[in-house]
Structure formats: structure tokens, C-alpha cells
>>> print(open('my_file.pdb').read())   # PDB, C-alpha atoms and all ligand atoms
MODEL        1
ATOM      1  CA  MET A 147      -4.502 -11.355  30.466  1.00  0.00           C
ATOM      2  CA  ALA A 148      -3.950 -10.445  26.846  1.00  0.00           C
ATOM      3  CA  VAL A 149      -2.120  -7.278  27.824  1.00  0.00           C
ATOM      4  CA  VAL A 150       0.103  -9.187  30.222  1.00  0.00           C
ATOM      5  CA  SER A 151       1.059 -11.736  27.597  1.00  0.00           C
ATOM      6  CA  VAL A 152       1.746  -9.024  25.019  1.00  0.00           C
ATOM      7  CA  ARG A 153       3.953  -7.267  27.577  1.00  0.00           C
ATOM      8  CA  ARG A 154       5.723 -10.508  28.343  1.00  0.00           C
ATOM      9  CA  SER A 155       6.436 -11.314  24.719  1.00  0.00           C
ATOM     10  CA  LEU A 156       7.558  -7.745  24.107  1.00  0.00           C
ATOM     11  CA  LEU A 157       9.952  -7.997  27.032  1.00  0.00           C
ATOM     12  CA  ALA A 158      11.257 -11.321  25.754  1.00  0.00           C
ATOM     13  CA  TRP A 159      11.730  -9.795  22.342  1.00  0.00           C
ATOM     14  CA  LEU A 160      13.458  -6.722  23.780  1.00  0.00           C
ATOM     15  CA  GLY A 161      15.840  -8.954  25.682  1.00  0.00           C
ATOM     16  CA  ALA A 162      16.627 -11.094  22.669  1.00  0.00           C
ATOM     17  CA  VAL A 163      16.952  -8.482  19.962  1.00  0.00           C
ATOM     18  CA  VAL A 164      17.083  -4.880  21.110  1.00  0.00           C
ATOM     19  CA  LEU A 165      19.551  -5.151  23.953  1.00  0.00           C
ATOM     20  CA  PRO A 166      22.290  -6.779  21.862  1.00  0.00           C
ATOM     21  CA  ILE A 167      21.682  -4.193  19.136  1.00  0.00           C
ATOM     22  CA  ALA A 168      21.780  -1.375  21.680  1.00  0.00           C
ATOM     23  CA  GLY A 169      25.099  -2.777  22.842  1.00  0.00           C
ATOM     24  CA  CYS A 170      26.503  -2.584  19.319  1.00  0.00           C
ATOM     25  CA  ASP A 171      25.177   0.934  18.865  1.00  0.00           C
ATOM     26  CA  SER A 172      26.946   2.246  21.914  1.00  0.00           C
ATOM     27  CA  GLY A 173      30.145   0.806  20.486  1.00  0.00           C
ATOM     28  CA  SER A 174      29.708   2.286  17.025  1.00  0.00           C
ATOM     29  CA  GLY A 175      28.609   5.620  18.527  1.00  0.00           C
ATOM     30  CA  VAL A 176      32.217   6.342  19.361  1.00  0.00           C
ATOM     31  CA  THR A 177      33.247   5.017  15.921  1.00  0.00           C
ATOM     32  CA  ALA A 178      35.152   2.108  17.368  1.00  0.00           C
ATOM     33  CA  PRO A 179      37.720   0.851  14.888  1.00  0.00           C
ATOM     34  CA  GLY A 180      36.602  -2.449  13.447  1.00  0.00           C
ATOM     35  CA  ALA A 181      32.902  -1.770  13.988  1.00  0.00           C
ATOM     36  CA  GLU A 182      30.924  -3.582  11.287  1.00  0.00           C
ATOM     37  CA  PRO A 183      29.444  -1.198   8.691  1.00  0.00           C
ATOM     38  CA  ARG A 184      25.946  -2.729   9.061  1.00  0.00           C
ATOM     39  CA  GLN A 185      25.832  -1.648  12.706  1.00  0.00           C
ATOM     40  CA  ALA A 186      26.749   1.991  12.163  1.00  0.00           C
ATOM     41  CA  ALA A 187      23.730   3.846  10.776  1.00  0.00           C
ATOM     42  CA  SER A 188      25.728   6.438   8.893  1.00  0.00           C
ATOM     43  CA  THR A 189      27.767   3.910   6.895  1.00  0.00           C
ATOM     44  CA  VAL A 190      24.860   1.994   5.310  1.00  0.00           C
ATOM     45  CA  ARG A 191      24.473   3.382   1.795  1.00  0.00           C
ATOM     46  CA  ALA A 192      21.873   2.904  -0.908  1.00  0.00           C
ATOM     47  CA  ALA A 193      24.513   2.308  -3.589  1.00  0.00           C
ATOM     48  CA  GLY A 194      24.769  -1.427  -4.187  1.00  0.00           C
ATOM     49  CA  PHE A 195      22.389  -2.132  -1.303  1.00  0.00           C
ATOM     50  CA  ASP A 196      20.847  -5.613  -1.364  1.00  0.00           C
ATOM     51  CA  ALA A 197      17.148  -4.952  -0.818  1.00  0.00           C
ATOM     52  CA  GLY A 198      16.333  -8.664  -0.765  1.00  0.00           C
ATOM     53  CA  PRO A 199      13.509 -10.396  -2.626  1.00  0.00           C
ATOM     54  CA  VAL A 200      10.442  -8.539  -3.854  1.00  0.00           C
ATOM     55  CA  ARG A 201       7.327 -10.124  -2.391  1.00  0.00           C
ATOM     56  CA  THR A 202       3.739  -9.113  -1.725  1.00  0.00           C
ATOM     57  CA  PRO A 203       2.954  -7.266   1.541  1.00  0.00           C
ATOM     58  CA  ALA A 204       1.067 -10.365   2.749  1.00  0.00           C
ATOM     59  CA  GLU A 205       4.132 -12.544   2.131  1.00  0.00           C
ATOM     60  CA  TYR A 206       6.402 -10.127   3.992  1.00  0.00           C
ATOM     61  CA  LEU A 207       3.959 -10.014   6.890  1.00  0.00           C
ATOM     62  CA  ASN A 208       4.210 -13.801   7.184  1.00  0.00           C
ATOM     63  CA  GLU A 209       7.945 -13.615   7.806  1.00  0.00           C
ATOM     64  CA  PRO A 210       8.617 -14.376  11.498  1.00  0.00           C
ATOM     65  CA  GLU A 211      10.119 -11.020  12.448  1.00  0.00           C
ATOM     66  CA  LEU A 212       7.331  -8.957  10.890  1.00  0.00           C
ATOM     67  CA  ALA A 213       4.633 -11.389  12.029  1.00  0.00           C
ATOM     68  CA  ALA A 214       5.786 -10.679  15.590  1.00  0.00           C
ATOM     69  CA  ALA A 215       5.580  -6.897  15.169  1.00  0.00           C
ATOM     70  CA  ASP A 216       3.290  -4.640  17.198  1.00  0.00           C
ATOM     71  CA  VAL A 217       1.227  -3.033  14.448  1.00  0.00           C
ATOM     72  CA  ALA A 218      -0.712  -0.717  16.781  1.00  0.00           C
ATOM     73  CA  ARG A 219       2.568   0.671  18.006  1.00  0.00           C
ATOM     74  CA  GLY A 220       3.700   0.966  14.383  1.00  0.00           C
ATOM     75  CA  GLU A 221       0.629   3.017  13.603  1.00  0.00           C
ATOM     76  CA  LEU A 222       1.555   5.504  16.344  1.00  0.00           C
ATOM     77  CA  LEU A 223       5.113   5.705  15.019  1.00  0.00           C
ATOM     78  CA  GLY A 224       3.631   6.291  11.570  1.00  0.00           C
ATOM     79  CA  LEU A 225       2.036   9.539  12.711  1.00  0.00           C
ATOM     80  CA  ALA A 226       5.454  11.127  12.183  1.00  0.00           C
ATOM     81  CA  CYS A 227       5.291  10.034   8.541  1.00  0.00           C
ATOM     82  CA  ALA A 228       1.679  11.092   8.078  1.00  0.00           C
ATOM     83  CA  ALA A 229       2.756  14.712   8.547  1.00  0.00           C
ATOM     84  CA  CYS A 230       4.296  14.450   5.071  1.00  0.00           C
ATOM     85  CA  HIS A 231       2.924  11.278   3.446  1.00  0.00           C
ATOM     86  CA  LYS A 232      -0.448   9.854   2.504  1.00  0.00           C
ATOM     87  CA  PHE A 233      -0.736   6.064   2.412  1.00  0.00           C
ATOM     88  CA  ARG A 234      -3.893   5.477   0.343  1.00  0.00           C
ATOM     89  CA  ALA A 235      -4.043   5.739  -3.432  1.00  0.00           C
ATOM     90  CA  ASP A 236      -6.754   8.392  -3.612  1.00  0.00           C
ATOM     91  CA  GLU A 237      -5.329  10.707  -0.963  1.00  0.00           C
ATOM     92  CA  GLY A 238      -2.918  12.621  -3.166  1.00  0.00           C
ATOM     93  CA  THR A 239       0.442  14.084  -2.244  1.00  0.00           C
ATOM     94  CA  LEU A 240       1.655  16.150   0.679  1.00  0.00           C
ATOM     95  CA  VAL A 241       5.268  17.251   1.255  1.00  0.00           C
ATOM     96  CA  GLY A 242       6.393  13.715   0.408  1.00  0.00           C
ATOM     97  CA  PRO A 243       5.197  11.330  -2.318  1.00  0.00           C
ATOM     98  CA  ASN A 244       2.107   9.179  -1.801  1.00  0.00           C
ATOM     99  CA  LEU A 245       3.254   5.837  -0.371  1.00  0.00           C
ATOM    100  CA  HIS A 246       0.446   3.649  -1.713  1.00  0.00           C
ATOM    101  CA  GLY A 247       2.020   0.525  -3.226  1.00  0.00           C
ATOM    102  CA  VAL A 248       5.513   1.602  -2.221  1.00  0.00           C
ATOM    103  CA  PHE A 249       6.694  -1.935  -1.356  1.00  0.00           C
ATOM    104  CA  GLY A 250       8.065  -3.596  -4.456  1.00  0.00           C
ATOM    105  CA  ARG A 251       8.299  -0.268  -6.297  1.00  0.00           C
ATOM    106  CA  ARG A 252      11.427   1.481  -7.504  1.00  0.00           C
ATOM    107  CA  ALA A 253      12.435   4.580  -5.547  1.00  0.00           C
ATOM    108  CA  GLY A 254      11.354   7.849  -7.106  1.00  0.00           C
ATOM    109  CA  ALA A 255       8.509   6.395  -9.172  1.00  0.00           C
ATOM    110  CA  VAL A 256       5.480   8.497  -8.209  1.00  0.00           C
ATOM    111  CA  GLU A 257       4.473  10.322 -11.348  1.00  0.00           C
ATOM    112  CA  GLY A 258       4.676  14.105 -11.055  1.00  0.00           C
ATOM    113  CA  PHE A 259       6.493  14.184  -7.703  1.00  0.00           C
ATOM    114  CA  ALA A 260       9.690  16.268  -7.711  1.00  0.00           C
ATOM    115  CA  TYR A 261      12.176  13.850  -6.173  1.00  0.00           C
ATOM    116  CA  SER A 262      15.744  14.755  -5.348  1.00  0.00           C
ATOM    117  CA  PRO A 263      18.173  13.503  -7.999  1.00  0.00           C
ATOM    118  CA  ALA A 264      19.819  11.485  -5.222  1.00  0.00           C
ATOM    119  CA  LEU A 265      16.713   9.417  -4.552  1.00  0.00           C
ATOM    120  CA  ALA A 266      15.542   9.294  -8.171  1.00  0.00           C
ATOM    121  CA  GLN A 267      18.908   7.918  -9.274  1.00  0.00           C
ATOM    122  CA  SER A 268      19.519   5.684  -6.272  1.00  0.00           C
ATOM    123  CA  GLY A 269      18.521   2.493  -8.109  1.00  0.00           C
ATOM    124  CA  LEU A 270      16.706   1.351  -4.954  1.00  0.00           C
ATOM    125  CA  VAL A 271      13.706  -0.935  -4.818  1.00  0.00           C
ATOM    126  CA  TRP A 272      11.600  -0.531  -1.682  1.00  0.00           C
ATOM    127  CA  THR A 273      11.362  -3.730   0.339  1.00  0.00           C
ATOM    128  CA  PRO A 274      11.164  -4.082   4.132  1.00  0.00           C
ATOM    129  CA  ARG A 275      14.950  -4.377   4.108  1.00  0.00           C
ATOM    130  CA  SER A 276      15.616  -1.167   2.165  1.00  0.00           C
ATOM    131  CA  VAL A 277      12.848   0.783   3.940  1.00  0.00           C
ATOM    132  CA  GLU A 278      14.442  -0.396   7.184  1.00  0.00           C
ATOM    133  CA  ALA A 279      17.829   1.050   6.223  1.00  0.00           C
ATOM    134  CA  TRP A 280      16.185   4.226   4.928  1.00  0.00           C
ATOM    135  CA  LEU A 281      14.195   4.822   8.104  1.00  0.00           C
ATOM    136  CA  GLU A 282      17.198   4.314  10.325  1.00  0.00           C
ATOM    137  CA  ASN A 283      18.977   7.269   8.777  1.00  0.00           C
ATOM    138  CA  PRO A 284      17.443   8.669   5.558  1.00  0.00           C
ATOM    139  CA  ALA A 285      20.158  11.228   4.827  1.00  0.00           C
ATOM    140  CA  GLY A 286      22.921   8.738   5.535  1.00  0.00           C
ATOM    141  CA  PHE A 287      21.378   6.040   3.360  1.00  0.00           C
ATOM    142  CA  VAL A 288      20.598   8.374   0.428  1.00  0.00           C
ATOM    143  CA  GLU A 289      22.971  11.287   0.652  1.00  0.00           C
ATOM    144  CA  GLY A 290      21.271  14.370  -0.783  1.00  0.00           C
ATOM    145  CA  THR A 291      17.675  13.287  -0.114  1.00  0.00           C
ATOM    146  CA  THR A 292      15.183  16.049   0.597  1.00  0.00           C
ATOM    147  CA  MET A 293      13.275  13.940   3.129  1.00  0.00           C
ATOM    148  CA  ALA A 294      13.665  15.955   6.328  1.00  0.00           C
ATOM    149  CA  PHE A 295      13.274  13.144   8.815  1.00  0.00           C
ATOM    150  CA  THR A 296      16.163  12.239  11.065  1.00  0.00           C
ATOM    151  CA  GLY A 297      15.252   8.566  11.400  1.00  0.00           C
ATOM    152  CA  TYR A 298      14.134   6.010  13.936  1.00  0.00           C
ATOM    153  CA  ARG A 299      17.196   4.654  15.724  1.00  0.00           C
ATOM    154  CA  SER A 300      15.440   1.753  17.437  1.00  0.00           C
ATOM    155  CA  ALA A 301      15.230  -1.514  15.486  1.00  0.00           C
ATOM    156  CA  ALA A 302      11.981  -2.342  17.328  1.00  0.00           C
ATOM    157  CA  ASP A 303      10.450   0.953  16.221  1.00  0.00           C
ATOM    158  CA  ARG A 304      11.406   0.321  12.604  1.00  0.00           C
ATOM    159  CA  ARG A 305      10.061  -3.219  12.640  1.00  0.00           C
ATOM    160  CA  ASP A 306       6.706  -2.160  14.122  1.00  0.00           C
ATOM    161  CA  LEU A 307       6.424   0.768  11.739  1.00  0.00           C
ATOM    162  CA  ILE A 308       7.216  -1.374   8.678  1.00  0.00           C
ATOM    163  CA  ALA A 309       4.569  -3.921   9.694  1.00  0.00           C
ATOM    164  CA  PHE A 310       2.069  -1.045   9.863  1.00  0.00           C
ATOM    165  CA  LEU A 311       3.231   0.443   6.542  1.00  0.00           C
ATOM    166  CA  LEU A 312       2.930  -2.921   4.761  1.00  0.00           C
ATOM    167  CA  ARG A 313      -0.763  -2.918   5.692  1.00  0.00           C
ATOM    168  CA  ALA A 314      -1.476   0.798   5.303  1.00  0.00           C
ATOM    169  CA  THR A 315       0.072   1.163   1.826  1.00  0.00           C
ATOM    170  CA  GLN A 316      -1.520  -1.915   0.196  1.00  0.00           C
TER     171      GLN A 316
HETATM  172  C1  LIG B 401       9.150  16.387   6.687  1.00  0.00           C
HETATM  173  C2  LIG B 401       8.466  15.577   5.708  1.00  0.00           C
HETATM  174  C3  LIG B 401       8.671  14.079   5.734  1.00  0.00           C
HETATM  175  C4  LIG B 401       8.535  13.210   6.803  1.00  0.00           C
HETATM  176  C5  LIG B 401       8.241  13.527   8.241  1.00  0.00           C
HETATM  177  C6  LIG B 401       8.723  11.890   6.251  1.00  0.00           C
HETATM  178  N1  LIG B 401       8.974  11.949   4.916  1.00  0.00           N
HETATM  179 FE1  LIG B 401       9.309  10.361   3.686  1.00  0.00          FE
HETATM  180  N2  LIG B 401       9.690  11.637   2.146  1.00  0.00           N
HETATM  181  C7  LIG B 401       9.604  13.014   2.203  1.00  0.00           C
HETATM  182  C8  LIG B 401      10.101  13.567   0.973  1.00  0.00           C
HETATM  183  C9  LIG B 401      10.190  15.053   0.620  1.00  0.00           C
HETATM  184  C10 LIG B 401      10.499  12.478   0.173  1.00  0.00           C
HETATM  185  C11 LIG B 401      11.164  12.536  -1.201  1.00  0.00           C
HETATM  186  C12 LIG B 401      12.670  12.539  -0.881  1.00  0.00           C
HETATM  187  C13 LIG B 401      13.596  12.740  -2.058  1.00  0.00           C
HETATM  188  O1  LIG B 401      13.119  12.939  -3.182  1.00  0.00           O
HETATM  189  O2  LIG B 401      14.813  12.718  -1.812  1.00  0.00           O
HETATM  190  C14 LIG B 401      10.199  11.269   0.930  1.00  0.00           C
HETATM  191  C15 LIG B 401      10.383   9.988   0.462  1.00  0.00           C
HETATM  192  C16 LIG B 401      10.023   8.839   1.134  1.00  0.00           C
HETATM  193  C17 LIG B 401      10.075   7.505   0.598  1.00  0.00           C
HETATM  194  C18 LIG B 401      10.478   7.117  -0.811  1.00  0.00           C
HETATM  195  C19 LIG B 401       9.213   7.096  -1.670  1.00  0.00           C
HETATM  196  C20 LIG B 401       9.437   6.855  -3.138  1.00  0.00           C
HETATM  197  O3  LIG B 401       8.462   7.007  -3.883  1.00  0.00           O
HETATM  198  O4  LIG B 401      10.549   6.523  -3.552  1.00  0.00           O
HETATM  199  C21 LIG B 401       9.646   6.660   1.568  1.00  0.00           C
HETATM  200  C22 LIG B 401       9.523   5.146   1.493  1.00  0.00           C
HETATM  201  C23 LIG B 401       9.338   7.466   2.726  1.00  0.00           C
HETATM  202  N3  LIG B 401       9.579   8.793   2.433  1.00  0.00           N
HETATM  203  C24 LIG B 401       8.862   6.968   3.919  1.00  0.00           C
HETATM  204  C25 LIG B 401       8.685   7.747   5.059  1.00  0.00           C
HETATM  205  C26 LIG B 401       8.290   7.215   6.338  1.00  0.00           C
HETATM  206  C27 LIG B 401       7.949   5.757   6.599  1.00  0.00           C
HETATM  207  C28 LIG B 401       8.259   8.253   7.216  1.00  0.00           C
HETATM  208  C29 LIG B 401       7.977   8.234   8.710  1.00  0.00           C
HETATM  209  C30 LIG B 401       8.942   7.555   9.526  1.00  0.00           C
HETATM  210  C31 LIG B 401       8.610   9.448   6.471  1.00  0.00           C
HETATM  211  N4  LIG B 401       8.853   9.095   5.175  1.00  0.00           N
HETATM  212  C32 LIG B 401       8.661  10.721   7.007  1.00  0.00           C
HETATM  213  C33 LIG B 401       9.148  13.746   3.266  1.00  0.00           C
HETATM  214  C34 LIG B 401       8.948  13.264   4.551  1.00  0.00           C
ENDMDL
END
>>> encode(input="my_file.pdb", output="C-alpha cells", more="lines below")
Ligand code: HEC
Amino acid sequence: MAVVSVRRSLLAWLGAVVLPIAGCDSGSGVTAPGAEPRQAASTVRAAGFDAGPVRTPAEYLNEPELAAADVARGELLGLACAACHKFRADEGTLVGPNLHGVFGRRAGAVEGFAYSPALAQSGLVWTPRSVEAWLENPAGFVEGTTMAFTGYRSAADRRDLIAFLLRATQ
């Protein structure tokens, strides 16, 4: 029963959110004139980006969109990140900086990690909103970043992953 209801709500959510977004993407994929910048991954830039309010992970997780996320699915999506990042404070650094406490922190703030100048000087604060834009297209959002990850194009993937990260990096 539980599985059925999860499937049902996921389908409802897909219908309400992902399909309209997918529709926009197919339009911006051919760089339609007049496409809104927010819908075209490559045109969202870190410079001047409004990351929204800084809150605690628990507060973010209470927001309706993140409260509805599939955290188990987010954990699977996070395996791609775990190749390069540790999430817990005492786990040290891999190819990428340790992500413990990343929400609410300025970009490029892990002591001793050799960030790209692009990320270090981006002026970003990491919130679900800025992480969202970053994960959609890291190199488009912060041109010159050394994070070799091409991005998650699906809004549902990013939402589920962020809900997982909010828990895993606390
Ligand atoms: C191939 C290795 C690699 C993968 C895979 C990877 N990252 Fe990164 N990540 C990096 C590197 C390297 C940086 C530093 C980038 C820079 O300095 O420009 C970084 C930086 C970051 C930052 C900024 C941290 C800070 O302290 O400012 C966040 C957030 C982040 N990654 C999240 C993720 C997430 C979430 C995933 C999975 C979807 C992911 N990364 C996948 C290597 C990786």
C-alpha cells in the first residue's frame, strides 16, 4: 500500500511539475528567441544570483517542495557526488571539498582546499536555491569551476538530491 501511494504521489508530482518544465526545456534546447533565462540552464549565472534566505537545514526541509522530496532517491543520486565529496565533518577531503555544513556557508570556504578562483570569488552563499542552480549546470553557473560534473538536468532529481544533502551535510 505504502509503495502504491508513494508511486501515486510521485506521478501526481511528475504531472504537475516535471512535465511543464520538460516542455520548457525542449523549447530552450533549440535556443528559441524569447526563452526566459531561468529556463535555459546555460544562461543562469552565479554573478548577482539571488540565493534566497539563509535558514537551517531543518527549516529548509519544512518548505513544501523539499518536504515532498524522495530522500531515498536523493541518496542514490548522491552517489555521483560521493565519488568526489565527503559529507561528514570528520571524513576529510577527496577530489572536492568536504560538504559538511555547506548550506548557509559562503562558496569556497573550506580551509586548505584549493578552489578555482572562479568559485572562490563567486560571492555565492550555498542555499537550496543556489545549490539547485549549481547542480543543474555547474560549469554554466560558475564559469571556470574545476568541478567536473556535468549536472543533473531533471528538476525532480535536483530536488530529491538537495533534500538528501540537507540531511547528510548537517
Ligand atoms: C569529479 C569530482 C566531483 C564530482 C562528481 C562532484 N563534485 Fe562537487 N566539487 C568538486 C570540486 C573539485 C569542487 C571545487 C570546484 C571549484 O573550486 O571550482 C566542487 C565543489 C562543490 C561545491 C561547492 C563547495 C564549496 O565549499 O563551496 C558543492 C556544493 C558541490 N561541489 C556539490 C556537489 C554535488 C552535490 C555533487 C553531486 C551531484 C558533486 N558536487 C559532484 C568535485 C566534484
>>> resolve_selection(input="my_file.pdb", expression="the PyMOL selection byres (((not hetatm)) within 8 of (chain B and resi 401))", output="ChimeraX atom specification")
/A:223-231,241-245,248,251-256,260-266,272,277,280-281,288,290-295,297-298,307-308,311
>>> closest_residue(input="my_file.pdb", among="A:Ser300, A:Thr239, A:Thr273, A:Asn283", to="Leu312 (chain A)", atoms="only C-alpha atoms")
A:Thr273
>>> atom_distance(input="my_file.pdb", atom1="CA of Arg313 (chain A)", atom2="CA of Glu237 (chain A)")
15.8 Å
>>> residues_around(input="my_file.pdb", residues="Ala314 (chain A)", least_positions_apart="6", cutoff="8 Å", atoms="all atoms listed in the file", output="ChimeraX atom specification")
/A:233-234,246
>>> atom_distance(input="my_file.pdb", atom1="CA of Phe310 (chain A)", atom2="CA of Gly220 (chain A)")
5.2 Å
>>> resolve_selection(input="my_file.pdb", expression="the PyMOL selection byres (((chain A and resi 195) around 10) and not hetatm)", output="list in words")
Val190, Arg191, Ala192, Ala193, Gly194, Asp196, Ala197, Gly198, Ser268, Gly269, Leu270, Val271, Arg275, Ser276, Ala279 and Phe287 of chain A
>>> closest_residue(input="my_file.pdb", among="A:Leu207, A:Ala218, A:Leu212, A:Ala235", to="Ala301 (chain A)", atoms="all atoms listed in the file")
A:Leu212
>>> atom_distance(input="my_file.pdb", atom1="CA of Val217 (chain A)", atom2="CA of Phe259 (chain A)")
28.5 Å
>>> closest_residue(input="my_file.pdb", among="A:Lys232, A:Arg299, A:Pro274, A:Glu289", to="Ala204 (chain A)", atoms="all atoms listed in the file")
A:Pro274
>>> axis_aligned_box(input="my_file.pdb", around="region 203-207 of chain A", padding_each_side="5 Å", output="JSON")
{"center_x": 3.7, "center_y": -9.9, "center_z": 4.2, "size_x": 15.3, "size_y": 15.3, "size_z": 15.3}
>>> build_atoms(input="my_file.pdb", residues="region 213-230 of chain A", atoms="N, CA and C atoms", output="mmCIF file, in the frame of the given file")
data_model
loop_
_atom_site.group_PDB
_atom_site.id
_atom_site.type_symbol
_atom_site.label_atom_id
_atom_site.label_comp_id
_atom_site.auth_asym_id
_atom_site.auth_seq_id
_atom_site.Cartn_x
_atom_site.Cartn_y
_atom_site.Cartn_z
ATOM 1 N N ALA A 213 5.845 -10.799 11.450
ATOM 2 C CA ALA A 213 4.633 -11.389 12.029
ATOM 3 C C ALA A 213 4.568 -11.098 13.528
ATOM 4 N N ALA A 214 5.729 -10.926 14.147
ATOM 5 C CA ALA A 214 5.786 -10.679 15.590
ATOM 6 C C ALA A 214 5.687 -9.193 15.941
ATOM 7 N N ALA A 215 5.561 -8.341 14.921
ATOM 8 C CA ALA A 215 5.580 -6.897 15.169
ATOM 9 C C ALA A 215 4.306 -6.414 15.859
ATOM 10 N N ASP A 216 4.415 -5.290 16.537
ATOM 11 C CA ASP A 216 3.290 -4.640 17.198
ATOM 12 C C ASP A 216 2.753 -3.557 16.250
ATOM 13 N N VAL A 217 1.726 -3.914 15.499
ATOM 14 C CA VAL A 217 1.227 -3.033 14.448
ATOM 15 C C VAL A 217 0.586 -1.765 15.021
ATOM 16 N N ALA A 218 -0.078 -1.894 16.177
ATOM 17 C CA ALA A 218 -0.712 -0.717 16.781
ATOM 18 C C ALA A 218 0.360 0.313 17.170
ATOM 19 N N ARG A 219 1.453 -0.211 17.663
ATOM 20 C CA ARG A 219 2.568 0.671 18.006
ATOM 21 C C ARG A 219 3.145 1.291 16.721
ATOM 22 N N GLY A 220 3.212 0.476 15.677
ATOM 23 C CA GLY A 220 3.700 0.966 14.383
ATOM 24 C C GLY A 220 2.839 2.090 13.842
ATOM 25 N N GLU A 221 1.535 1.971 14.080
ATOM 26 C CA GLU A 221 0.629 3.017 13.603
ATOM 27 C C GLU A 221 0.920 4.346 14.306
ATOM 28 N N LEU A 222 1.205 4.278 15.602
ATOM 29 C CA LEU A 222 1.555 5.504 16.344
ATOM 30 C C LEU A 222 2.861 6.095 15.800
ATOM 31 N N LEU A 223 3.832 5.232 15.554
ATOM 32 C CA LEU A 223 5.113 5.705 15.019
ATOM 33 C C LEU A 223 4.913 6.315 13.629
ATOM 34 N N GLY A 224 3.916 5.805 12.920
ATOM 35 C CA GLY A 224 3.631 6.291 11.570
ATOM 36 C C GLY A 224 3.020 7.677 11.537
ATOM 37 N N LEU A 225 2.574 8.178 12.684
ATOM 38 C CA LEU A 225 2.036 9.539 12.711
ATOM 39 C C LEU A 225 3.096 10.549 12.292
ATOM 40 N N ALA A 226 4.360 10.236 12.597
ATOM 41 C CA ALA A 226 5.454 11.127 12.183
ATOM 42 C C ALA A 226 5.544 11.185 10.665
ATOM 43 N N CYS A 227 5.231 10.098 10.004
ATOM 44 C CA CYS A 227 5.291 10.034 8.541
ATOM 45 C C CYS A 227 4.072 10.726 7.924
ATOM 46 N N ALA A 228 2.938 10.574 8.614
ATOM 47 C CA ALA A 228 1.679 11.092 8.078
ATOM 48 C C ALA A 228 1.673 12.617 8.000
ATOM 49 N N ALA A 229 2.618 13.264 8.679
ATOM 50 C CA ALA A 229 2.756 14.712 8.547
ATOM 51 C C ALA A 229 3.134 15.074 7.110
ATOM 52 N N CYS A 230 3.803 14.166 6.428
ATOM 53 C CA CYS A 230 4.296 14.450 5.071
ATOM 54 C C CYS A 230 3.816 13.470 4.005
#
